[in-house]
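> Contents of upload-v8.cif (mmCIF, C-alpha atoms) are given next:
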data_upload
#
loop_
_atom_site.group_PDB
_atom_site.id
_atom_site.type_symbol
_atom_site.label_atom_id
_atom_site.label_comp_id
_atom_site.auth_asym_id
_atom_site.auth_seq_id
_atom_site.Cartn_x
_atom_site.Cartn_y
_atom_site.Cartn_z
ATOM 1 C CA MET R 11 -44.232 25.665 24.498
ATOM 2 C CA VAL R 12 -43.953 25.285 28.278
ATOM 3 C CA THR R 13 -47.271 25.926 29.992
ATOM 4 C CA LYS R 14 -47.751 27.986 33.115
ATOM 5 C CA ASP R 15 -49.067 24.903 34.921
ATOM 6 C CA LEU R 16 -45.921 22.934 34.084
ATOM 7 C CA LYS R 17 -43.695 25.776 35.259
ATOM 8 C CA ASN R 18 -45.616 26.022 38.537
ATOM 9 C CA PHE R 19 -45.383 22.252 39.028
ATOM 10 C CA LEU R 20 -41.636 22.157 38.366
ATOM 11 C CA ASP R 21 -41.035 25.233 40.530
ATOM 12 C CA LYS R 22 -42.705 23.467 43.444
ATOM 13 C CA LYS R 23 -40.547 20.382 42.891
ATOM 14 C CA VAL R 24 -37.422 22.549 42.865
ATOM 15 C CA VAL R 25 -38.379 24.000 46.250
ATOM 16 C CA HIS R 26 -39.142 20.506 47.560
ATOM 17 C CA TYR R 27 -35.761 19.017 46.619
ATOM 18 C CA ASN R 28 -33.443 22.038 46.675
ATOM 19 C CA GLN R 29 -33.108 22.165 50.452
ATOM 20 C CA PRO R 30 -30.722 20.761 53.107
ATOM 21 C CA GLY R 31 -32.720 17.565 53.617
ATOM 22 C CA PHE R 32 -31.756 16.531 50.081
ATOM 23 C CA ILE R 33 -28.057 16.441 50.922
ATOM 24 C CA ILE R 34 -27.767 13.429 53.211
ATOM 25 C CA GLU R 35 -28.825 10.810 50.648
ATOM 26 C CA ASP R 36 -27.067 12.395 47.665
ATOM 27 C CA PRO R 37 -23.386 12.305 46.586
ATOM 28 C CA VAL R 38 -23.255 16.062 47.201
ATOM 29 C CA SER R 39 -23.103 15.079 50.889
ATOM 30 C CA ILE R 40 -19.416 14.218 50.392
ATOM 31 C CA PRO R 41 -18.130 17.729 49.614
ATOM 32 C CA HIS R 42 -20.465 18.985 52.355
ATOM 33 C CA LEU R 43 -18.223 17.189 54.849
ATOM 34 C CA PHE R 44 -15.633 19.939 54.344
ATOM 35 C CA THR R 45 -15.257 23.681 54.804
ATOM 36 C CA LYS R 46 -11.986 24.428 52.967
ATOM 37 C CA ASN R 47 -12.692 25.311 49.350
ATOM 38 C CA GLN R 48 -10.011 23.028 47.936
ATOM 39 C CA ASP R 49 -11.311 20.069 49.957
ATOM 40 C CA ILE R 50 -14.809 20.788 48.656
ATOM 41 C CA GLU R 51 -13.529 20.941 45.074
ATOM 42 C CA ILE R 52 -11.588 17.665 45.246
ATOM 43 C CA ALA R 53 -14.196 15.743 47.256
ATOM 44 C CA GLY R 54 -16.900 17.069 44.948
ATOM 45 C CA PHE R 55 -14.949 15.971 41.896
ATOM 46 C CA TYR R 56 -14.696 12.386 43.104
ATOM 47 C CA ALA R 57 -18.334 12.365 44.240
ATOM 48 C CA ALA R 58 -19.420 13.505 40.793
ATOM 49 C CA ILE R 59 -17.136 11.131 38.873
ATOM 50 C CA PHE R 60 -18.352 8.200 40.988
ATOM 51 C CA ALA R 61 -22.007 9.190 40.553
ATOM 52 C CA TRP R 62 -23.496 6.329 38.646
ATOM 53 C CA GLY R 63 -25.354 3.459 40.190
ATOM 54 C CA ILE R 64 -26.918 3.215 43.647
ATOM 55 C CA ARG R 65 -26.563 6.480 45.561
ATOM 56 C CA LYS R 66 -25.792 4.794 48.889
ATOM 57 C CA THR R 67 -22.949 2.834 47.301
ATOM 58 C CA ILE R 68 -21.590 6.005 45.704
ATOM 59 C CA ILE R 69 -21.647 7.811 49.056
ATOM 60 C CA ASP R 70 -20.055 4.873 50.875
ATOM 61 C CA LYS R 71 -17.219 4.564 48.353
ATOM 62 C CA CYS R 72 -16.592 8.314 48.396
ATOM 63 C CA GLY R 73 -16.558 8.241 52.189
ATOM 64 C CA LEU R 74 -14.016 5.418 52.132
ATOM 65 C CA LEU R 75 -11.805 7.367 49.746
ATOM 66 C CA MET R 76 -11.940 10.431 51.973
ATOM 67 C CA GLN R 77 -10.874 8.269 54.935
ATOM 68 C CA LEU R 78 -7.961 6.874 52.914
ATOM 69 C CA MET R 79 -6.970 10.503 52.283
ATOM 70 C CA ASP R 80 -7.040 11.232 56.025
ATOM 71 C CA ASN R 81 -10.232 13.270 55.528
ATOM 72 C CA SER R 82 -8.041 16.025 54.088
ATOM 73 C CA PRO R 83 -8.089 15.445 50.332
ATOM 74 C CA TYR R 84 -6.341 18.727 49.464
ATOM 75 C CA GLU R 85 -3.454 18.144 51.849
ATOM 76 C CA PHE R 86 -3.214 14.520 50.780
ATOM 77 C CA CYS R 87 -3.085 15.328 47.059
ATOM 78 C CA LEU R 88 -0.604 18.148 47.537
ATOM 79 C CA HIS R 89 1.730 16.723 50.175
ATOM 80 C CA HIS R 90 1.446 12.918 50.117
ATOM 81 C CA ARG R 91 4.526 10.718 50.179
ATOM 82 C CA GLU R 92 4.923 7.670 47.971
ATOM 83 C CA SER R 93 4.306 5.460 50.995
ATOM 84 C CA ASP R 94 0.914 7.157 51.520
ATOM 85 C CA LEU R 95 -0.233 6.032 48.087
ATOM 86 C CA LYS R 96 0.134 2.362 48.987
ATOM 87 C CA ARG R 97 -3.020 2.471 51.086
ATOM 88 C CA LEU R 98 -4.966 3.365 47.937
ATOM 89 C CA LEU R 99 -3.975 0.206 46.085
ATOM 90 C CA GLY R 100 -6.977 -1.995 45.531
ATOM 91 C CA PHE R 101 -9.494 0.865 45.710
ATOM 92 C CA MET R 102 -12.300 0.437 43.207
ATOM 93 C CA HIS R 103 -15.722 1.839 42.448
ATOM 94 C CA ARG R 104 -17.379 0.079 39.538
ATOM 95 C CA THR R 105 -14.899 0.574 36.652
ATOM 96 C CA PHE R 106 -12.868 3.282 38.418
ATOM 97 C CA ASN R 107 -9.829 1.629 39.989
ATOM 98 C CA ASP R 108 -6.548 2.463 41.700
ATOM 99 C CA THR R 109 -4.806 3.220 38.394
ATOM 100 C CA ASP R 110 -7.384 5.929 37.688
ATOM 101 C CA LEU R 111 -7.191 7.170 41.262
ATOM 102 C CA LEU R 112 -3.417 7.510 41.306
ATOM 103 C CA TYR R 113 -3.436 9.389 38.007
ATOM 104 C CA SER R 114 -6.091 11.814 39.275
ATOM 105 C CA ILE R 115 -4.066 12.464 42.423
ATOM 106 C CA ALA R 116 -0.996 13.206 40.309
ATOM 107 C CA PHE R 117 -3.082 15.665 38.325
ATOM 108 C CA PHE R 118 -4.382 17.374 41.450
ATOM 109 C CA LYS R 119 -0.857 17.660 42.836
ATOM 110 C CA LYS R 120 0.340 19.325 39.656
ATOM 111 C CA HIS R 121 -2.653 21.636 39.377
ATOM 112 C CA PHE R 122 -2.843 22.757 42.987
ATOM 113 C CA THR R 123 0.891 23.382 43.076
ATOM 114 C CA ALA R 124 0.238 26.131 40.522
ATOM 115 C CA SER R 125 -3.315 27.232 41.352
ATOM 116 C CA ARG R 126 -5.435 27.777 44.449
ATOM 117 C CA SER R 127 -8.648 26.520 42.855
ATOM 118 C CA LEU R 128 -9.827 23.821 40.483
ATOM 119 C CA GLU R 129 -11.911 26.528 38.820
ATOM 120 C CA THR R 130 -8.949 27.467 36.628
ATOM 121 C CA ALA R 131 -8.764 23.891 35.343
ATOM 122 C CA PHE R 132 -12.166 24.394 33.746
ATOM 123 C CA PHE R 133 -12.287 28.135 33.205
ATOM 124 C CA PRO R 134 -8.854 29.563 32.474
ATOM 125 C CA LYS R 135 -8.771 33.109 31.134
ATOM 126 C CA GLY R 136 -10.748 33.392 27.902
ATOM 127 C CA ILE R 137 -13.105 30.427 28.441
ATOM 128 C CA THR R 138 -16.623 31.446 29.414
ATOM 129 C CA GLU R 139 -18.808 28.710 27.900
ATOM 130 C CA VAL R 140 -19.417 25.316 29.492
ATOM 131 C CA GLU R 141 -18.862 23.388 26.272
ATOM 132 C CA ASP R 142 -15.434 24.971 25.845
ATOM 133 C CA ALA R 143 -14.666 24.482 29.542
ATOM 134 C CA LEU R 144 -15.382 20.743 29.472
ATOM 135 C CA ASN R 145 -13.361 20.196 26.311
ATOM 136 C CA HIS R 146 -10.509 22.204 27.813
ATOM 137 C CA PHE R 147 -10.646 20.288 31.088
ATOM 138 C CA TYR R 148 -10.375 16.969 29.270
ATOM 139 C CA SER R 149 -7.249 18.094 27.417
ATOM 140 C CA TYR R 150 -5.741 19.646 30.534
ATOM 141 C CA PHE R 151 -6.538 16.679 32.795
ATOM 142 C CA PHE R 152 -4.787 14.351 30.369
ATOM 143 C CA SER R 153 -1.719 16.544 29.924
ATOM 144 C CA LEU R 154 0.577 14.614 32.279
ATOM 145 C CA GLU R 155 3.100 12.082 31.083
ATOM 146 C CA ASP R 156 2.309 8.352 31.082
ATOM 147 C CA ILE R 157 -1.471 8.694 30.843
ATOM 148 C CA PRO R 158 -3.294 5.396 31.484
ATOM 149 C CA ASN R 159 -5.539 4.896 28.464
ATOM 150 C CA ARG R 160 -8.165 3.268 30.674
ATOM 151 C CA THR R 161 -8.597 6.491 32.664
ATOM 152 C CA ARG R 162 -9.834 8.479 29.664
ATOM 153 C CA LYS R 163 -13.247 6.820 29.806
ATOM 154 C CA HIS R 164 -13.944 8.416 33.183
ATOM 155 C CA ILE R 165 -13.739 12.024 31.949
ATOM 156 C CA ALA R 166 -16.449 12.920 29.465
ATOM 157 C CA ARG R 167 -16.325 15.747 26.947
ATOM 158 C CA PRO R 168 -18.741 17.384 24.517
ATOM 159 C CA GLY R 169 -16.211 16.824 21.738
ATOM 160 C CA LYS R 170 -17.216 13.153 21.856
ATOM 161 C CA ASN R 171 -20.903 14.156 22.062
ATOM 162 C CA SER R 172 -21.219 12.818 25.605
ATOM 163 C CA ALA R 173 -24.016 14.330 27.690
ATOM 164 C CA CYS R 174 -21.316 14.924 30.363
ATOM 165 C CA LYS R 175 -23.898 14.368 33.084
ATOM 166 C CA ARG R 176 -21.479 13.973 35.963
ATOM 167 C CA LEU R 177 -19.261 16.931 35.107
ATOM 168 C CA ASN R 178 -22.275 19.162 34.479
ATOM 169 C CA MET R 179 -23.553 18.144 37.903
ATOM 170 C CA TYR R 180 -20.151 19.027 39.361
ATOM 171 C CA LEU R 181 -20.295 22.448 37.695
ATOM 172 C CA ARG R 182 -23.779 22.946 39.132
ATOM 173 C CA TRP R 183 -22.426 22.264 42.623
ATOM 174 C CA MET R 184 -19.483 24.638 42.180
ATOM 175 C CA VAL R 185 -21.250 27.504 40.348
ATOM 176 C CA ARG R 186 -24.838 27.782 41.614
ATOM 177 C CA ASN R 187 -25.342 29.779 44.803
ATOM 178 C CA ASP R 188 -29.004 30.305 45.636
ATOM 179 C CA LYS R 189 -28.421 30.020 49.401
ATOM 180 C CA ALA R 190 -30.727 26.977 49.566
ATOM 181 C CA GLY R 191 -27.901 24.980 51.121
ATOM 182 C CA VAL R 192 -27.203 22.296 48.493
ATOM 183 C CA ASP R 193 -24.948 23.885 45.870
ATOM 184 C CA PHE R 194 -21.781 25.709 46.930
ATOM 185 C CA GLY R 195 -21.387 28.648 44.560
ATOM 186 C CA LEU R 196 -17.598 28.738 44.960
ATOM 187 C CA TRP R 197 -16.792 29.588 41.349
ATOM 188 C CA LYS R 198 -17.481 32.989 39.850
ATOM 189 C CA SER R 199 -16.006 32.673 36.340
ATOM 190 C CA ILE R 200 -19.394 32.047 34.774
ATOM 191 C CA SER R 201 -22.995 32.799 35.600
ATOM 192 C CA PRO R 202 -25.425 30.018 36.549
ATOM 193 C CA ALA R 203 -27.338 31.124 33.453
ATOM 194 C CA LYS R 204 -24.661 29.432 31.314
ATOM 195 C CA LEU R 205 -24.723 26.037 33.019
ATOM 196 C CA ILE R 206 -25.920 22.952 31.141
ATOM 197 C CA CYS R 207 -28.439 20.642 32.797
ATOM 198 C CA PRO R 208 -27.007 17.292 33.930
ATOM 199 C CA LEU R 209 -28.695 14.748 31.681
ATOM 200 C CA ASP R 210 -28.971 11.015 32.262
ATOM 201 C CA LEU R 211 -31.569 8.448 31.254
ATOM 202 C CA HIS R 212 -33.847 9.274 34.224
ATOM 203 C CA VAL R 213 -33.829 13.037 33.663
ATOM 204 C CA ALA R 214 -34.225 12.534 29.908
ATOM 205 C CA ARG R 215 -37.256 10.277 30.423
ATOM 206 C CA VAL R 216 -39.011 12.841 32.606
ATOM 207 C CA ALA R 217 -38.047 15.725 30.315
ATOM 208 C CA ARG R 218 -39.469 13.911 27.287
ATOM 209 C CA SER R 219 -42.693 13.149 29.130
ATOM 210 C CA PHE R 220 -43.145 16.893 29.726
ATOM 211 C CA GLY R 221 -42.258 17.847 26.164
ATOM 212 C CA LEU R 222 -39.044 19.531 27.286
ATOM 213 C CA LEU R 223 -36.875 17.249 25.166
ATOM 214 C CA ASN R 224 -37.538 15.819 21.707
ATOM 215 C CA ARG R 225 -34.166 14.365 20.813
ATOM 216 C CA THR R 226 -34.124 10.597 21.188
ATOM 217 C CA GLN R 227 -30.406 10.259 21.976
ATOM 218 C CA THR R 228 -29.226 11.162 25.469
ATOM 219 C CA ASP R 229 -26.145 13.089 24.375
ATOM 220 C CA TRP R 230 -24.589 16.574 24.411
ATOM 221 C CA GLN R 231 -27.029 17.917 21.852
ATOM 222 C CA ALA R 232 -29.915 16.659 23.988
ATOM 223 C CA ALA R 233 -28.417 18.305 27.093
ATOM 224 C CA LYS R 234 -28.252 21.618 25.227
ATOM 225 C CA GLU R 235 -31.787 21.194 23.885
ATOM 226 C CA LEU R 236 -33.191 20.520 27.347
ATOM 227 C CA THR R 237 -31.271 23.437 28.858
ATOM 228 C CA ALA R 238 -32.623 25.777 26.178
ATOM 229 C CA GLU R 239 -36.151 24.775 27.186
ATOM 230 C CA LEU R 240 -35.348 25.231 30.868
ATOM 231 C CA ARG R 241 -34.098 28.754 30.111
ATOM 232 C CA THR R 242 -37.638 29.625 29.041
ATOM 233 C CA LEU R 243 -38.662 28.788 32.623
ATOM 234 C CA ASP R 244 -35.801 30.716 34.258
ATOM 235 C CA ALA R 245 -33.241 32.403 32.034
ATOM 236 C CA ASN R 246 -30.959 33.244 34.959
ATOM 237 C CA ASP R 247 -30.913 29.822 36.615
ATOM 238 C CA PRO R 248 -32.158 27.098 34.260
ATOM 239 C CA VAL R 249 -30.250 24.259 35.934
ATOM 240 C CA LYS R 250 -32.187 24.634 39.191
ATOM 241 C CA TYR R 251 -34.747 22.432 37.415
ATOM 242 C CA ASP R 252 -32.256 19.565 37.643
ATOM 243 C CA PHE R 253 -33.584 19.163 41.194
ATOM 244 C CA ALA R 254 -37.135 18.753 39.892
ATOM 245 C CA LEU R 255 -36.323 16.420 36.999
ATOM 246 C CA PHE R 256 -33.906 14.295 39.023
ATOM 247 C CA GLY R 257 -36.258 14.099 41.984
ATOM 248 C CA LEU R 258 -39.158 13.051 39.773
ATOM 249 C CA GLY R 259 -37.107 10.541 37.791
ATOM 250 C CA VAL R 260 -34.942 8.917 40.471
ATOM 251 C CA ILE R 261 -36.655 9.478 43.807
ATOM 252 C CA GLU R 262 -40.319 9.475 42.771
ATOM 253 C CA ARG R 263 -39.726 7.227 39.730
ATOM 254 C CA TYR R 264 -42.157 9.399 37.787
#
Go through the file and emit its structure as structure tokens.


Amino acid sequence: MVTKDLKNFLDKKVVHYNQPGFIIEDPVSIPHLFTKNQDIEIAGFYAAIFAWGIRKTIIDKCGLLMQLMDNSPYEFCLHHRESDLKRLLGFMHRTFNDTDLLYSIAFFKKHFTASRSLETAFFPKGITEVEDALNHFYSYFFSLEDIPNRTRKHIARPGKNSACKRLNMYLRWMVRNDKAGVDFGLWKSISPAKLICPLDLHVARVARSFGLLNRTQTDWQAAKELTAELRTLDANDPVKYDFALFGLGVIERY
């Protein structure tokens, strides 16, 4: 059972990290460069997918990619010419390379030709649960012809029991809207109450130390277990505690 003291402690950490000063040193700074919703969605997607490793490196690589897209990722994905794609050759961030990048751009071109928002790629009509949304997105993302097999490893899904940390973080950015200035709250298909906490080794370590997580594997079942505990702290917005757990685990090295 979560104690009142633990809730008060975590609530204070949420307030400490969930504020504009958090943005500059976090990958969420990349979508914050833009004001058009579609730019925010695309820039946020790359920032989330790239989000493993040193945060400064992630931000730098995302910034480089935005420059290569003329700092207009929506227009670039939708209206690029074949000659424009040549400047992307050789781009790499860790194991994500130009093959993966070109496929993702082809996907965005197809999707945004038919839809005004990336929200429908996750939450088409009839899908209201995050687990279903992530499994659907995986299938939809890899629905083009000539899919590079190597690209599949960059898109996680609950169906493979992945914790889906990066995509859950992306959904947090797009769905939560508490007016604190970090998350965008662009998508209205689901309530923040249904989000799943982004779970990586750092967050899992802190969560276990507080008795919020018992499962030893850091997988989808663990992400759901942790989120269920966080809902006892705030049923309407459990994933706000990602700020506290991440801040303690990564920034404070708790």

> Write out as an MDAnalysis selection string which residues come within 10 Å of Phe55 in chain R when counting all atoms listed in the file, dropping same-chain ones fewer than 2 positions away.

chainID R and resid 38 40:41 49:53 57:61 128 176:177 179:181 183:184

> Counting all atoms listed in the file, which residue out of R:Gln231, R:Ser219, R:Asn224, R:Thr138 sits closest to Cys207 in chain R?

R:Gln231

> Got a sec: who's within 8 Å of Lys204 in chain R, counting all atoms listed in the file, leaving out chain neighbours fewer than 3 positions off, as a short mmCIF file (atom, residue, chain, number, x, y, z; two decimals) with C-alpha atoms, in the frame of the given file?


data_model
loop_
_atom_site.label_atom_id
_atom_site.label_comp_id
_atom_site.auth_asym_id
_atom_site.auth_seq_id
_atom_site.Cartn_x
_atom_site.Cartn_y
_atom_site.Cartn_z
CA GLU R 139 -18.81 28.71 27.90
CA VAL R 140 -19.42 25.32 29.49
CA ILE R 200 -19.39 32.05 34.77
CA SER R 201 -23.00 32.80 35.60
#

> Running the PyMOL selection byres ((chain R and resi 62) around 12) on this model by hand, what would come out? Give it as a ChimeraX atom specification.

/R:36-37,56-61,63-69,71,103-106,164,175-177,179,210-212,260

> If you count only C-alpha atoms, which residues fall within 9 Å of Asp252 in chain R, apart from same-chain ones fewer than 4 positions away, as number ranges by chain?

R: 24, 179, 207-209, 213, 248, 256-257

> Would you save the residues from that selection as an mmCIF file, in the frame of the given file, using C-alpha atoms?


data_model
loop_
_atom_site.group_PDB
_atom_site.id
_atom_site.type_symbol
_atom_site.label_atom_id
_atom_site.label_comp_id
_atom_site.auth_asym_id
_atom_site.auth_seq_id
_atom_site.Cartn_x
_atom_site.Cartn_y
_atom_site.Cartn_z
ATOM 1 C CA VAL R 24 -37.422 22.549 42.865
ATOM 2 C CA MET R 179 -23.553 18.144 37.903
ATOM 3 C CA CYS R 207 -28.439 20.642 32.797
ATOM 4 C CA PRO R 208 -27.007 17.292 33.930
ATOM 5 C CA LEU R 209 -28.695 14.748 31.681
ATOM 6 C CA VAL R 213 -33.829 13.037 33.663
ATOM 7 C CA PRO R 248 -32.158 27.098 34.260
ATOM 8 C CA PHE R 256 -33.906 14.295 39.023
ATOM 9 C CA GLY R 257 -36.258 14.099 41.984
#

> Please write as a list in words the full residue list that the PyMOL selection byres ((chain R and resi 167) around 10) yields on this file.

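Going through the file, the PyMOL selection byres ((chain R and resi 167) around 10) ends up selecting Glu141, Asp142, Ala143, Leu144, Asn145, His146, Phe147, Tyr148, Ser149, Lys163, His164, Ile165, Ala166, Pro168, Gly169, Lys170, Asn171, Ser172, Ala173, Cys174, Lys175, Leu177 and Trp230 of chain R.
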
> Next, the residues of the selection above should be written as an mmCIF file, keeping the file's coordinate frame with C-alpha atoms.


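Saved as out00.cif:
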data_model
loop_
_atom_site.group_PDB
_atom_site.id
_atom_site.type_symbol
_atom_site.label_atom_id
_atom_site.label_comp_id
_atom_site.auth_asym_id
_atom_site.auth_seq_id
_atom_site.Cartn_x
_atom_site.Cartn_y
_atom_site.Cartn_z
ATOM 1 C CA GLU R 141 -18.862 23.388 26.272
ATOM 2 C CA ASP R 142 -15.434 24.971 25.845
ATOM 3 C CA ALA R 143 -14.666 24.482 29.542
ATOM 4 C CA LEU R 144 -15.382 20.743 29.472
ATOM 5 C CA ASN R 145 -13.361 20.196 26.311
ATOM 6 C CA HIS R 146 -10.509 22.204 27.813
ATOM 7 C CA PHE R 147 -10.646 20.288 31.088
ATOM 8 C CA TYR R 148 -10.375 16.969 29.270
ATOM 9 C CA SER R 149 -7.249 18.094 27.417
ATOM 10 C CA LYS R 163 -13.247 6.820 29.806
ATOM 11 C CA HIS R 164 -13.944 8.416 33.183
ATOM 12 C CA ILE R 165 -13.739 12.024 31.949
ATOM 13 C CA ALA R 166 -16.449 12.920 29.465
ATOM 14 C CA PRO R 168 -18.741 17.384 24.517
ATOM 15 C CA GLY R 169 -16.211 16.824 21.738
ATOM 16 C CA LYS R 170 -17.216 13.153 21.856
ATOM 17 C CA ASN R 171 -20.903 14.156 22.062
ATOM 18 C CA SER R 172 -21.219 12.818 25.605
ATOM 19 C CA ALA R 173 -24.016 14.330 27.690
ATOM 20 C CA CYS R 174 -21.316 14.924 30.363
ATOM 21 C CA LYS R 175 -23.898 14.368 33.084
ATOM 22 C CA LEU R 177 -19.261 16.931 35.107
ATOM 23 C CA TRP R 230 -24.589 16.574 24.411
#

> Which residues would end up in the selection if the PyMOL selection byres ((chain R and resi 90) around 12) were applied here, given that I need the answer as a list in words?

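When the PyMOL selection byres ((chain R and resi 90) around 12) is applied to the shown file, the picked residues are Leu78, Met79, Asp80, Ser82, Pro83, Tyr84, Glu85, Phe86, Cys87, Leu88, His89, Arg91, Glu92, Ser93, Asp94, Leu95, Lys96, Arg97, Leu98, Leu112, Ile115, Ala116, Phe118 and Lys119 of chain R.
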
> Figure out the distance between CA of Glu262 in chain R and CA of Ala203 in chain R, please, to one decimal in Å.

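The value is 26.9 Å.
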
> Find the spatial neighbours of Ala214 in chain R, counting only C-alpha atoms, within a cut-off of 9 Å - ignore same-chain residues fewer than 6 positions away - and output them as a short mmCIF file (atom, residue, chain, number, x, y, z; two decimals) with C-alpha atoms, in the coordinates of the input.


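Heads up, here's the output in result.cif:
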data_model
loop_
_atom_site.label_atom_id
_atom_site.label_comp_id
_atom_site.auth_asym_id
_atom_site.auth_seq_id
_atom_site.Cartn_x
_atom_site.Cartn_y
_atom_site.Cartn_z
CA LEU R 222 -39.04 19.53 27.29
CA LEU R 223 -36.88 17.25 25.17
CA THR R 226 -34.12 10.60 21.19
CA THR R 228 -29.23 11.16 25.47
CA ALA R 232 -29.92 16.66 23.99
CA ALA R 233 -28.42 18.30 27.09
CA LEU R 236 -33.19 20.52 27.35
CA LEU R 255 -36.32 16.42 37.00
CA GLY R 259 -37.11 10.54 37.79
#

> Between R:Ala131, R:Val192, R:Ile206, R:Asn18, which residue has the minimum interatomic distance to Ala245 in chain R, considering only C-alpha atoms?

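Once distances to Ala245 in chain R are computed over only C-alpha atoms, the minimum belongs to R:Ile206.
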
> Would you compute the distance between CA of Arg241 in chain R and CA of His42 in chain R? Give it in Å to one decimal.

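Pair CA of Arg241 in chain R / CA of His42 in chain R returns 27.9 Å.
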
> Could you please determine the separation between CA of Asn107 in chain R and CA of Thr161 in chain R in Å, to one decimal place?

8.9 Å

> Mind filling out range 191-202 of chain R with N, CA, C and O atoms and sending it as a PDB file, keeping the file's coordinate frame?


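For reference, result_35.pdb as written:
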ATOM      1  N   GLY R 191     -28.671  25.889  50.277  1.00  0.00           N
ATOM      2  CA  GLY R 191     -27.901  24.980  51.121  1.00  0.00           C
ATOM      3  C   GLY R 191     -27.314  23.770  50.435  1.00  0.00           C
ATOM      4  O   GLY R 191     -26.505  23.060  51.038  1.00  0.00           O
ATOM      5  N   VAL R 192     -27.696  23.496  49.178  1.00  0.00           N
ATOM      6  CA  VAL R 192     -27.203  22.296  48.493  1.00  0.00           C
ATOM      7  C   VAL R 192     -25.955  22.607  47.672  1.00  0.00           C
ATOM      8  O   VAL R 192     -24.895  22.034  47.895  1.00  0.00           O
ATOM      9  N   ASP R 193     -26.076  23.519  46.718  1.00  0.00           N
ATOM     10  CA  ASP R 193     -24.948  23.885  45.870  1.00  0.00           C
ATOM     11  C   ASP R 193     -24.057  24.902  46.582  1.00  0.00           C
ATOM     12  O   ASP R 193     -24.511  25.646  47.455  1.00  0.00           O
ATOM     13  N   PHE R 194     -22.784  24.955  46.170  1.00  0.00           N
ATOM     14  CA  PHE R 194     -21.781  25.709  46.930  1.00  0.00           C
ATOM     15  C   PHE R 194     -21.543  27.129  46.419  1.00  0.00           C
ATOM     16  O   PHE R 194     -21.221  28.019  47.198  1.00  0.00           O
ATOM     17  N   GLY R 195     -21.620  27.322  45.112  1.00  0.00           N
ATOM     18  CA  GLY R 195     -21.387  28.648  44.560  1.00  0.00           C
ATOM     19  C   GLY R 195     -19.990  29.182  44.783  1.00  0.00           C
ATOM     20  O   GLY R 195     -19.794  30.385  44.968  1.00  0.00           O
ATOM     21  N   LEU R 196     -18.981  28.310  44.722  1.00  0.00           N
ATOM     22  CA  LEU R 196     -17.598  28.738  44.960  1.00  0.00           C
ATOM     23  C   LEU R 196     -16.996  29.458  43.755  1.00  0.00           C
ATOM     24  O   LEU R 196     -16.110  30.294  43.910  1.00  0.00           O
ATOM     25  N   TRP R 197     -17.438  29.097  42.569  1.00  0.00           N
ATOM     26  CA  TRP R 197     -16.792  29.588  41.349  1.00  0.00           C
ATOM     27  C   TRP R 197     -17.573  30.742  40.752  1.00  0.00           C
ATOM     28  O   TRP R 197     -18.806  30.688  40.646  1.00  0.00           O
ATOM     29  N   LYS R 198     -16.853  31.771  40.336  1.00  0.00           N
ATOM     30  CA  LYS R 198     -17.481  32.989  39.850  1.00  0.00           C
ATOM     31  C   LYS R 198     -17.155  33.297  38.393  1.00  0.00           C
ATOM     32  O   LYS R 198     -17.556  34.338  37.885  1.00  0.00           O
ATOM     33  N   SER R 199     -16.428  32.401  37.718  1.00  0.00           N
ATOM     34  CA  SER R 199     -16.006  32.673  36.340  1.00  0.00           C
ATOM     35  C   SER R 199     -17.179  32.764  35.376  1.00  0.00           C
ATOM     36  O   SER R 199     -17.114  33.485  34.384  1.00  0.00           O
ATOM     37  N   ILE R 200     -18.223  31.991  35.644  1.00  0.00           N
ATOM     38  CA  ILE R 200     -19.394  32.047  34.774  1.00  0.00           C
ATOM     39  C   ILE R 200     -20.652  32.208  35.618  1.00  0.00           C
ATOM     40  O   ILE R 200     -20.661  31.911  36.810  1.00  0.00           O
ATOM     41  N   SER R 201     -21.695  32.653  34.959  1.00  0.00           N
ATOM     42  CA  SER R 201     -22.995  32.799  35.600  1.00  0.00           C
ATOM     43  C   SER R 201     -23.731  31.467  35.591  1.00  0.00           C
ATOM     44  O   SER R 201     -23.576  30.662  34.651  1.00  0.00           O
ATOM     45  N   PRO R 202     -24.579  31.212  36.597  1.00  0.00           N
ATOM     46  CA  PRO R 202     -25.425  30.018  36.549  1.00  0.00           C
ATOM     47  C   PRO R 202     -26.289  29.955  35.287  1.00  0.00           C
ATOM     48  O   PRO R 202     -26.708  28.865  34.887  1.00  0.00           O
TER      49      PRO R 202
END
